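Novice: Provided herewith is a single structure, encoded as structure tokens, for subsequent inquiry.
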Amino acid sequence: MGGIGPVVVRSGEWAHRPVAVAATWRTRRTGLAPLPLGWGLLMGGCSVHGRGMCTALTVVGVDAAGVVIGAAVLRPGGLVRMAGAAAILELPVSMAFPDPGAVLAWAPLPAHPIAWPDS
């Protein structure tokens, strides 16, 4: 996942765009906070914490084949672990999310540049 910019993530009828890709430790740590409202964040790993968060978000676990293994709401100060996940998709809690078993795919969105505050 590292090195690619904003993407669209989709499965069948469900899609979310734009989604930033956290390619560094720093962008993973800041999460959705520096992103425009409505964006999602895709990152490698199987867990995510809510330290420093002000609002809840939806966390979707995805295995190495792109299959959704589960979804949970991460509350401020909380921790979500998704056993078997190779990646985590963070979405605003108000957004729809894919069902477990759905196969996700992502494709670049070159028309949506993003500049992280620390870059």
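For the structure tokens, the naming scheme is as follows: chains receive sequential letters (A, B, ...) according to their order of presentation, residues are indexed from 1 within each chain, and ligands are indexed from 1 in presentation order.
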Using only C-alpha atoms, which protein or nucleic acid residues come within 6 Å of Glu90 of chain A? Drop anything in the same chain fewer than 5 positions from it, and give the result as number ranges by chain.
Specialist: A: 40-41, 58-59
Novice: Please dump the current selection as a PDB file, in the first residue's frame; keep N, CA and C atoms.
Specialist:
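again00.pdb was written with the following content:
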```
ATOM      1  N   GLY A  40     -11.641   8.812   3.944  1.00  0.00           N
ATOM      2  CA  GLY A  40     -11.291   7.602   4.669  1.00  0.00           C
ATOM      3  C   GLY A  40      -9.779   7.477   4.696  1.00  0.00           C
ATOM      4  N   LEU A  41      -9.265   6.482   5.437  1.00  0.00           N
ATOM      5  CA  LEU A  41      -7.830   6.249   5.527  1.00  0.00           C
ATOM      6  C   LEU A  41      -7.575   4.748   5.498  1.00  0.00           C
ATOM      7  N   THR A  58     -15.479   4.470  12.230  1.00  0.00           N
ATOM      8  CA  THR A  58     -15.681   3.070  11.891  1.00  0.00           C
ATOM      9  C   THR A  58     -14.359   2.493  11.420  1.00  0.00           C
ATOM     10  N   VAL A  59     -14.016   1.320  11.927  1.00  0.00           N
ATOM     11  CA  VAL A  59     -12.799   0.616  11.554  1.00  0.00           C
ATOM     12  C   VAL A  59     -13.202  -0.674  10.851  1.00  0.00           C
TER      13      VAL A  59
END
```
Novice: Need to verify the contact set: Gly12 of chain A, 10 Å, only C-alpha atoms, exclusion of same-chain residues closer than 3 positions in sequence. Can you return it as JSON, numbers by chain?
Specialist: {"A": [15, 98, 102, 103, 104, 105]}
Novice: I need the residues from that last selection saved to file as a PDB file, in the first residue's frame (with C-alpha atoms), if you can.
Specialist:
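Heads up, here's the output in selection_15.pdb:
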```pdb
ATOM      1  CA  ALA A  15     -17.672   2.473  -2.669  1.00  0.00           C
ATOM      2  CA  PRO A  98     -18.839  -2.866   3.475  1.00  0.00           C
ATOM      3  CA  ALA A 102     -17.053  -8.424   0.768  1.00  0.00           C
ATOM      4  CA  VAL A 103     -13.912  -8.305  -1.351  1.00  0.00           C
ATOM      5  CA  LEU A 104     -12.410  -4.815  -1.541  1.00  0.00           C
ATOM      6  CA  ALA A 105     -10.331  -3.371  -4.330  1.00  0.00           C
TER       7      ALA A 105
END
```
Novice: Would you return as a VMD selection string the members of chain A that DSSP assigns to strand (DSSP E or B) on this structure's backbone?
Specialist: chain A and resid 7 to 11 14 to 21 40 to 44 47 to 49 57 to 62 67 to 74 79 to 81 87 to 92 103 105 to 108
Novice: Check the smallest atom-to-atom distance from each of A:Gly70, A:Gly52, A:Gly45, A:Pro36 to Arg17 of chain A using only C-alpha atoms, then report the winner.
Specialist: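 Distance minimum relative to Arg17 of chain A lands on A:Pro36.
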Novice: Would you work out the distance separating atom CA of Pro6 of chain A from atom CA of Ala96 of chain A, expressed in Å to one decimal?
Specialist: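 These atoms are spaced 18.9 Å apart.
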Novice: Find the spatial neighbours of segment 73-83 of chain A, counting only C-alpha atoms, within a cut-off of 10 Å - ignore same-chain residues fewer than 3 positions away - and output them as a list in words.
Specialist: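 In the requested format, the answer is Gly45, Cys46, Ser47, Val48, His49, Gly50, Arg51, Gly52, Met53, Cys54, Thr55, Ala56, Leu57, Thr58, Val59, Val60, Gly61, Val62, Asp63, Ile69, Gly70, Ala86, Ala87, Ile88, Glu90, Leu91, Pro92 and Val93 of chain A.
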Novice: Among chain A, which ones does DSSP place in helix (DSSP H, G or I), written as a list in words?
Specialist: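 Listing helix (DSSP H, G or I) positions across chain A yields Trp25, Arg26, Thr27, Arg28, Arg29 and Thr30 of chain A.
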Novice: How would the residues just picked look written out with N, CA and C atoms as a PDB file, in the first residue's frame?
Specialist:
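The new file out_22.pdb reads:
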```
ATOM      1  N   TRP A  25       4.690   6.014   9.305  1.00  0.00           N
ATOM      2  CA  TRP A  25       4.258   5.927  10.695  1.00  0.00           C
ATOM      3  C   TRP A  25       3.521   7.198  11.096  1.00  0.00           C
ATOM      4  N   ARG A  26       4.024   8.334  10.689  1.00  0.00           N
ATOM      5  CA  ARG A  26       3.421   9.610  11.078  1.00  0.00           C
ATOM      6  C   ARG A  26       2.013   9.768  10.505  1.00  0.00           C
ATOM      7  N   THR A  27       1.811   9.426   9.247  1.00  0.00           N
ATOM      8  CA  THR A  27       0.472   9.567   8.670  1.00  0.00           C
ATOM      9  C   THR A  27      -0.488   8.546   9.264  1.00  0.00           C
ATOM     10  N   ARG A  28       0.027   7.383   9.639  1.00  0.00           N
ATOM     11  CA  ARG A  28      -0.810   6.393  10.314  1.00  0.00           C
ATOM     12  C   ARG A  28      -1.226   6.909  11.693  1.00  0.00           C
ATOM     13  N   ARG A  29      -0.293   7.512  12.420  1.00  0.00           N
ATOM     14  CA  ARG A  29      -0.553   8.003  13.773  1.00  0.00           C
ATOM     15  C   ARG A  29      -1.572   9.133  13.787  1.00  0.00           C
ATOM     16  N   THR A  30      -1.542  10.015  12.793  1.00  0.00           N
ATOM     17  CA  THR A  30      -2.484  11.145  12.790  1.00  0.00           C
ATOM     18  C   THR A  30      -3.872  10.736  12.326  1.00  0.00           C
TER      19      THR A  30
END
```
Novice: Return the single residue from A:Ala20, A:Gly31, A:Leu42, A:Ser11 that is closest to Gly101 of chain A, with distances computed using only C-alpha atoms.
Specialist: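 Among A:Ala20, A:Gly31, A:Leu42, A:Ser11, it is A:Ser11 that comes nearest to Gly101 of chain A.
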